[in-house]
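Containing CSV, C-alpha atoms and all ligand atoms: upload.csv.
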```csv
chain,number,residue,atom,x,y,z
A,22,VAL,CA,-6.8,2.2,20.6
A,23,ALA,CA,-7.6,4.7,17.9
A,24,ARG,CA,-4.3,6.5,17.4
A,25,ILE,CA,-4.4,7.3,13.7
A,26,VAL,CA,-4.7,10.8,12.5
A,27,LEU,CA,-4.1,11.2,8.8
A,28,PRO,CA,-2.0,14.3,7.8
A,29,GLY,CA,-3.8,17.5,6.8
A,30,GLU,CA,-1.3,18.2,4.0
A,31,PRO,CA,-0.3,15.7,1.3
A,32,LEU,CA,3.0,13.8,1.7
A,33,VAL,CA,4.9,14.7,-1.5
A,34,ASP,CA,8.0,13.3,-3.2
A,35,ARG,CA,8.3,15.1,-6.6
A,36,PRO,CA,5.7,13.7,-9.0
A,37,THR,CA,4.1,11.5,-6.3
A,38,ALA,CA,1.8,12.5,-3.5
A,39,LEU,CA,-0.2,10.7,-0.8
A,40,ARG,CA,-3.4,12.2,0.6
A,41,PRO,CA,-6.5,10.8,2.4
A,42,TRP,CA,-9.3,9.3,0.3
A,43,ARG,CA,-12.3,11.4,-0.8
A,44,ASP,CA,-15.8,10.3,-1.8
A,45,SER,CA,-15.1,11.8,-5.3
A,46,ASP,CA,-12.4,9.2,-5.8
A,47,ARG,CA,-14.9,6.4,-6.4
A,48,ARG,CA,-14.9,6.5,-10.2
A,49,ALA,CA,-11.1,6.4,-10.4
A,50,ILE,CA,-11.0,3.5,-7.9
A,51,ALA,CA,-13.6,1.5,-9.9
A,52,ALA,CA,-11.8,2.2,-13.2
A,53,ALA,CA,-8.4,1.1,-11.8
A,54,CYS,CA,-9.8,-2.1,-10.2
A,55,GLN,CA,-10.9,-3.5,-13.6
A,56,ASP,CA,-7.3,-4.5,-14.1
A,57,PRO,CA,-6.6,-8.2,-13.9
A,58,GLU,CA,-3.2,-7.7,-12.2
A,59,ILE,CA,-4.9,-5.9,-9.2
A,60,ALA,CA,-7.4,-8.7,-9.1
A,61,ARG,CA,-4.6,-11.3,-9.2
A,62,TRP,CA,-2.5,-10.0,-6.4
A,63,THR,CA,-5.0,-8.2,-4.0
A,64,PRO,CA,-8.3,-9.3,-2.5
A,65,VAL,CA,-10.5,-6.8,-4.5
A,66,PRO,CA,-14.0,-8.0,-5.5
A,67,VAL,CA,-14.4,-9.4,-9.0
A,68,PRO,CA,-16.2,-8.0,-11.0
A,69,TYR,CA,-15.6,-4.5,-9.5
A,70,GLY,CA,-18.2,-1.8,-9.7
A,71,LEU,CA,-19.0,1.7,-8.3
A,72,THR,CA,-20.7,0.1,-5.3
A,73,ASP,CA,-17.5,-1.8,-4.5
A,74,ALA,CA,-15.5,1.5,-4.7
A,75,ARG,CA,-18.1,3.1,-2.3
A,76,ALA,CA,-17.7,0.2,0.1
A,77,PHE,CA,-13.9,0.4,-0.2
A,78,LEU,CA,-14.0,4.1,0.9
A,79,LEU,CA,-16.5,3.5,3.7
A,80,GLN,CA,-14.4,0.6,5.1
A,81,ARG,CA,-11.3,2.8,4.9
A,82,TYR,CA,-12.9,5.7,6.8
A,83,ASP,CA,-14.1,3.2,9.5
A,84,ALA,CA,-10.7,1.6,9.8
A,85,VAL,CA,-9.0,5.0,10.4
A,86,HIS,CA,-11.4,5.8,13.2
A,87,ALA,CA,-10.9,2.3,14.7
A,88,GLY,CA,-7.1,2.8,14.5
A,89,ALA,CA,-6.9,-0.3,12.3
A,90,SER,CA,-5.4,1.2,9.1
A,91,ALA,CA,-3.8,4.3,7.7
A,92,PRO,CA,-5.0,4.4,4.0
A,93,PHE,CA,-4.0,6.9,1.4
A,94,ALA,CA,-4.7,7.7,-2.3
A,95,ILE,CA,-1.5,7.9,-4.4
A,96,VAL,CA,-2.0,10.9,-6.7
A,97,ALA,CA,-0.1,12.8,-9.3
A,98,THR,CA,1.4,15.9,-7.6
A,99,GLU,CA,0.7,18.1,-10.7
A,100,SER,CA,-2.7,17.0,-12.0
A,101,GLY,CA,-4.1,15.5,-8.8
A,102,ALA,CA,-5.1,12.3,-10.8
A,103,VAL,CA,-5.6,9.2,-8.6
A,104,LEU,CA,-2.8,6.8,-9.5
A,105,GLY,CA,-3.3,4.1,-6.8
A,106,SER,CA,-3.8,3.1,-3.2
A,107,ILE,CA,-1.4,2.5,-0.3
A,108,ALA,CA,-2.0,1.8,3.4
A,109,LEU,CA,-0.3,0.8,6.6
A,110,ASN,CA,-2.5,-2.1,7.7
A,111,ARG,CA,-2.8,-4.3,10.8
A,112,PRO,CA,-1.0,-2.0,13.2
A,113,ASP,CA,0.3,-3.8,16.3
A,114,TRP,CA,0.6,-1.0,18.8
A,115,GLY,CA,2.2,-3.3,21.4
A,116,HIS,CA,5.1,-3.9,19.1
A,117,LEU,CA,5.1,-0.7,17.0
A,118,ARG,CA,4.7,-2.5,13.7
A,119,ALA,CA,2.4,-2.3,10.7
A,120,GLU,CA,2.2,-3.8,7.2
A,121,VAL,CA,2.3,-1.8,4.0
A,122,GLY,CA,0.0,-2.8,1.0
A,123,TYR,CA,-0.4,-1.0,-2.3
A,124,TRP,CA,-1.6,-1.1,-5.9
A,125,LEU,CA,-1.2,1.2,-8.9
A,126,ALA,CA,-3.6,1.8,-11.8
A,127,ALA,CA,-2.2,0.0,-14.8
A,128,GLN,CA,-1.5,3.3,-16.7
A,129,ALA,CA,0.5,4.6,-13.7
A,130,ARG,CA,3.0,1.8,-13.6
A,131,GLY,CA,6.7,1.9,-14.7
A,132,ALA,CA,7.4,5.4,-13.4
A,133,GLY,CA,8.4,4.8,-9.8
A,134,HIS,CA,5.2,6.0,-8.1
A,135,ALA,CA,4.8,2.8,-6.0
A,136,THR,CA,8.5,3.0,-4.8
A,137,ARG,CA,8.1,6.7,-3.8
A,138,ALA,CA,4.7,6.0,-2.2
A,139,VAL,CA,6.2,3.2,-0.1
A,140,ARG,CA,9.1,5.4,1.0
A,141,LEU,CA,6.7,8.3,1.8
A,142,ILE,CA,4.2,6.2,3.9
A,143,SER,CA,7.1,4.4,5.7
A,144,GLU,CA,8.7,7.7,6.8
A,145,TRP,CA,5.3,9.0,7.9
A,146,GLY,CA,4.6,5.8,9.8
A,147,PHE,CA,7.9,6.1,11.7
A,148,ARG,CA,7.6,9.8,12.3
A,149,ALA,CA,3.8,10.3,13.0
A,150,LEU,CA,2.8,6.9,14.2
A,151,GLY,CA,6.0,6.1,16.1
A,152,LEU,CA,6.4,2.7,14.4
A,153,GLU,CA,9.7,0.9,14.7
A,154,ARG,CA,9.1,-1.7,11.9
A,155,ILE,CA,7.2,-1.9,8.7
A,156,ASP,CA,6.4,-5.3,7.1
A,157,LEU,CA,5.9,-5.9,3.4
A,158,HIS,CA,4.7,-9.2,2.0
A,159,ALA,CA,4.8,-9.9,-1.7
A,160,ALA,CA,3.8,-13.2,-3.3
A,161,VAL,CA,6.8,-15.2,-4.5
A,162,GLU,CA,5.6,-14.9,-8.1
A,163,ASN,CA,4.8,-11.1,-7.8
A,164,GLU,CA,8.2,-9.9,-9.1
A,165,PRO,CA,7.1,-6.2,-9.7
A,166,SER,CA,6.0,-5.9,-6.1
A,167,GLN,CA,9.3,-7.4,-4.8
A,168,ARG,CA,11.2,-4.9,-6.9
A,169,VAL,CA,9.2,-2.1,-5.3
A,170,ALA,CA,10.2,-3.5,-1.8
A,171,GLU,CA,13.9,-3.6,-2.8
A,172,ARG,CA,13.9,-0.2,-4.5
A,173,ALA,CA,12.2,1.3,-1.4
A,174,GLY,CA,15.1,-0.1,0.8
A,175,PHE,CA,13.4,-3.0,2.5
A,176,THR,CA,15.4,-6.1,3.6
A,177,ARG,CA,14.3,-9.5,2.3
A,178,GLU,CA,14.0,-11.7,5.3
A,179,ALA,CA,12.3,-15.0,4.5
A,180,VAL,CA,9.8,-16.9,2.4
A,181,LEU,CA,6.6,-17.5,4.4
A,182,ARG,CA,5.2,-20.8,3.1
A,183,SER,CA,1.4,-21.0,2.4
A,184,PHE,CA,1.0,-17.6,4.2
A,185,MET,CA,-2.2,-16.4,2.5
A,186,THR,CA,-5.2,-17.6,0.6
A,187,GLY,CA,-4.7,-15.9,-2.8
A,188,ARG,CA,-7.0,-15.6,-5.8
A,189,ILE,CA,-5.9,-18.9,-7.2
A,190,GLY,CA,-5.0,-20.8,-4.0
A,191,ARG,CA,-2.5,-20.7,-1.2
A,192,GLU,CA,0.4,-18.3,-1.7
A,193,ASP,CA,4.0,-18.3,-0.5
A,194,MET,CA,5.0,-14.8,0.4
A,195,VAL,CA,8.4,-13.1,0.5
A,196,ALA,CA,8.7,-11.2,3.8
A,197,TYR,CA,10.5,-7.8,3.7
A,198,SER,CA,10.9,-5.3,6.5
A,199,LEU,CA,12.1,-1.7,7.0
A,200,LEU,CA,13.2,-0.6,10.4
A,201,ALA,CA,13.1,3.0,11.7
A,202,THR,CA,16.8,2.5,12.5
A,203,ASP,CA,17.7,1.2,9.0
A,204,PRO,CA,20.1,3.6,7.1
A,205,ARG,CA,18.2,5.2,4.2
A,206,PRO,CA,19.4,7.3,1.1
B,1,LIG,C1,3.2,-3.9,-7.7
B,1,LIG,C2,3.0,-2.6,-8.5
B,1,LIG,C3,2.5,-1.5,-7.6
B,1,LIG,C4,4.4,-2.2,-9.0
B,1,LIG,O1,4.2,-1.1,-9.9
B,1,LIG,P1,5.5,-0.5,-10.7
B,1,LIG,O2,5.1,0.6,-11.6
B,1,LIG,O3,6.3,-1.6,-11.3
B,1,LIG,O4,6.4,0.1,-9.5
B,1,LIG,P2,7.0,1.6,-9.4
B,1,LIG,O5,5.9,2.6,-9.4
B,1,LIG,O6,7.9,1.6,-8.3
B,1,LIG,O7,7.8,1.7,-10.8
B,1,LIG,C5,8.9,0.9,-11.0
B,1,LIG,C6,9.2,0.7,-12.4
B,1,LIG,O8,9.3,2.0,-13.0
B,1,LIG,C7,10.6,2.2,-13.4
B,1,LIG,N1,11.0,3.6,-13.1
B,1,LIG,C8,11.0,4.6,-13.9
B,1,LIG,N2,11.3,5.7,-13.3
B,1,LIG,C9,11.6,5.4,-12.0
B,1,LIG,C10,11.9,6.1,-10.8
B,1,LIG,N3,12.2,7.4,-10.9
B,1,LIG,N4,12.1,5.5,-9.6
B,1,LIG,C11,11.8,4.2,-9.6
B,1,LIG,N5,11.4,3.4,-10.6
B,1,LIG,C12,11.3,4.0,-11.8
B,1,LIG,C13,11.5,1.1,-12.7
B,1,LIG,O9,12.6,0.8,-13.5
B,1,LIG,C14,10.5,0.0,-12.6
B,1,LIG,O10,10.4,-0.7,-13.8
B,1,LIG,P3,10.8,-2.3,-13.8
B,1,LIG,O11,10.1,-3.0,-12.7
B,1,LIG,O12,10.4,-2.7,-15.2
B,1,LIG,O13,12.3,-2.3,-13.5
B,1,LIG,C15,2.1,-2.8,-9.7
B,1,LIG,O14,2.6,-3.8,-10.5
B,1,LIG,C16,0.7,-3.2,-9.3
B,1,LIG,O15,-0.2,-2.4,-8.9
B,1,LIG,N6,0.4,-4.6,-9.3
B,1,LIG,C17,-0.9,-5.1,-9.0
B,1,LIG,C18,-1.2,-5.0,-7.5
B,1,LIG,C19,-0.1,-5.6,-6.6
B,1,LIG,O16,0.6,-6.6,-7.0
B,1,LIG,N7,0.1,-5.0,-5.5
B,1,LIG,C20,1.1,-5.5,-4.5
B,1,LIG,C21,0.7,-6.6,-3.7
B,1,LIG,S1,2.0,-7.2,-2.6
```
What does the file become when written as structure tokens?
Ligand SMILES: CC(C)(COP(=O)(O)OP(=O)(O)OC[C@H]1O[C@@H](n2cnc3c(N)ncnc32)[C@H](O)[C@@H]1OP(=O)(O)O)[C@@H](O)C(=O)NCCC(=O)NCCS
Amino acid sequence: VARIVLPGEPLVDRPTALRPWRDSDRRAIAAACQDPEIARWTPVPVPYGLTDARAFLLQRYDAVHAGASAPFAIVATESGAVLGSIALNRPDWGHLRAEVGYWLAAQARGAGHATRAVRLISEWGFRALGLERIDLHAAVENEPSQRVAERAGFTREAVLRSFMTGRIGREDMVAYSLLATDPRP
């Protein structure tokens, strides 16, 4: 069931904003995805070119129409520069859950943009999509991503053994969740 309508206005928390992707973002996406850390922890093509960025955008537009993902560009509120990507993926409408995934361009790290983006998309998912639970899976060795989950108020629940096929083999993932009913700052 297609139930995803992205917001017309950006979601904003001080220096960090989320907005739907645009065709004109392809160069910024291709530049960011040259980074080995994004290649290490996410399933982006390697090597990554402008054609891959175009395919990324087309797949995202299709997924929104199919009700399969709610993808956003993370941008700087002031300059509008593209800082990264975040999405609510694999929505399960029967059980009102989805999974959050994200990356930041290397030069945008260390400033809290991912933490604010996870909080923004989670609040929107609860409010606009009616979700009751958001899952976040970070590889056991991906400490920066686990710190994002913890700063964003997610609860660490378990280690899921051999949960995904990663870039260099099977990955154990730390499972985190945030509930609509969890107390938040
Ligand atoms: C995971 C990833 C998004 C984390 O990026 P990040 O910049 O560390 O995360 P944030 O944007 O939340 O910034 C947090 C850092 O900024 C610092 N910071 C500065 N100001 C801050 C603020 N106002 N609020 C929060 N953190 C702030 C924090 O102390 C933290 O640094 P630390 O981890 O050294 O303690 C990034 O490493 C990445 O893109 N990795 C590759 C892709 C990836 O792994 N994706 C996740 C797959 S599960």
Write as a JSON list (two decimals) with C-alpha atoms, keeping the file's coordinate frame the residues around ligand LIG 1 (chain B), taking 9 Å as the cut-off and counting only C-alpha atoms and all ligand atoms.
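Output file selection20.json is given in full below:
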```json
[["chain", "number", "residue", "atom", "x", "y", "z"],
["A", 56, "ASP", "CA", -7.30, -4.50, -14.10],
["A", 57, "PRO", "CA", -6.60, -8.20, -13.90],
["A", 58, "GLU", "CA", -3.20, -7.70, -12.20],
["A", 59, "ILE", "CA", -4.90, -5.90, -9.20],
["A", 60, "ALA", "CA", -7.40, -8.70, -9.10],
["A", 61, "ARG", "CA", -4.60, -11.30, -9.20],
["A", 62, "TRP", "CA", -2.50, -10.00, -6.40],
["A", 63, "THR", "CA", -5.00, -8.20, -4.00],
["A", 105, "GLY", "CA", -3.30, 4.10, -6.80],
["A", 106, "SER", "CA", -3.80, 3.10, -3.20],
["A", 121, "VAL", "CA", 2.30, -1.80, 4.00],
["A", 122, "GLY", "CA", 0.00, -2.80, 1.00],
["A", 123, "TYR", "CA", -0.40, -1.00, -2.30],
["A", 124, "TRP", "CA", -1.60, -1.10, -5.90],
["A", 125, "LEU", "CA", -1.20, 1.20, -8.90],
["A", 126, "ALA", "CA", -3.60, 1.80, -11.80],
["A", 127, "ALA", "CA", -2.20, 0.00, -14.80],
["A", 128, "GLN", "CA", -1.50, 3.30, -16.70],
["A", 129, "ALA", "CA", 0.50, 4.60, -13.70],
["A", 130, "ARG", "CA", 3.00, 1.80, -13.60],
["A", 131, "GLY", "CA", 6.70, 1.90, -14.70],
["A", 132, "ALA", "CA", 7.40, 5.40, -13.40],
["A", 133, "GLY", "CA", 8.40, 4.80, -9.80],
["A", 134, "HIS", "CA", 5.20, 6.00, -8.10],
["A", 135, "ALA", "CA", 4.80, 2.80, -6.00],
["A", 136, "THR", "CA", 8.50, 3.00, -4.80],
["A", 137, "ARG", "CA", 8.10, 6.70, -3.80],
["A", 138, "ALA", "CA", 4.70, 6.00, -2.20],
["A", 139, "VAL", "CA", 6.20, 3.20, -0.10],
["A", 157, "LEU", "CA", 5.90, -5.90, 3.40],
["A", 158, "HIS", "CA", 4.70, -9.20, 2.00],
["A", 159, "ALA", "CA", 4.80, -9.90, -1.70],
["A", 160, "ALA", "CA", 3.80, -13.20, -3.30],
["A", 163, "ASN", "CA", 4.80, -11.10, -7.80],
["A", 164, "GLU", "CA", 8.20, -9.90, -9.10],
["A", 165, "PRO", "CA", 7.10, -6.20, -9.70],
["A", 166, "SER", "CA", 6.00, -5.90, -6.10],
["A", 167, "GLN", "CA", 9.30, -7.40, -4.80],
["A", 168, "ARG", "CA", 11.20, -4.90, -6.90],
["A", 169, "VAL", "CA", 9.20, -2.10, -5.30],
["A", 170, "ALA", "CA", 10.20, -3.50, -1.80],
["A", 172, "ARG", "CA", 13.90, -0.20, -4.50],
["A", 173, "ALA", "CA", 12.20, 1.30, -1.40],
["A", 194, "MET", "CA", 5.00, -14.80, 0.40]]
```
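The list of residues with at least one atom within 7 Å of Leu39 in chain A, based on all atoms listed in the file and without residues fewer than 3 positions apart in the same chain, reads Pro31, Leu32, Val33, Phe93, Ala94, Ile95, Val96 and Ala138 of chain A.
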Restricting to all atoms listed in the file, whichever of A:Thr37, A:Gln55, A:Thr202, A:Thr176 is closest to Arg148 in chain A is A:Thr202
What separation in Å, quoted to one decimal, exists between CA of Ile50 in chain A and CA of Val65 in chain A?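 According to the coordinates, CA of Ile50 in chain A and CA of Val65 in chain A are separated by 10.9 Å.
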Between A:Ala102, A:Ala51, A:Ala84, A:Glu171, single out the one closest to Pro66 in chain A, counting all atoms listed in the file.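 Result for the nearest residue to Pro66 in chain A: A:Ala51.
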Please measure the separation of CA of Glu99 in chain A and CA of Pro36 in chain A, giving the value in Å to one decimal. 6.9 Å
Six-sided padding of 5 Å per side, axis-aligned box over range 70-89 of chain A, centre and edges in Å, one decimal, as AutoDock Vina command-line options:
```
--center_x -13.8 --center_y 2.0 --center_z 2.5 --size_x 23.8 --size_y 17.6 --size_z 34.4
```
The residue from A:Val85, A:Leu78, A:Leu109, A:Val26 with the smallest atom-to-atom distance to Asp44 in chain A, counting only C-alpha atoms, is A:Leu78
Which residues come within 12 Å of His116 in chain A, counting only C-alpha atoms, excluding same-chain residues fewer than 3 positions away, as a list of chain:residue names? A:Arg111, A:Pro112, A:Asp113, A:Ala119, A:Gly151, A:Leu152, A:Glu153, A:Arg154, A:Ile155
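If you look at CA of Arg182 in chain A and CA of Val195 in chain A, they are 8.7 Å away from each other.
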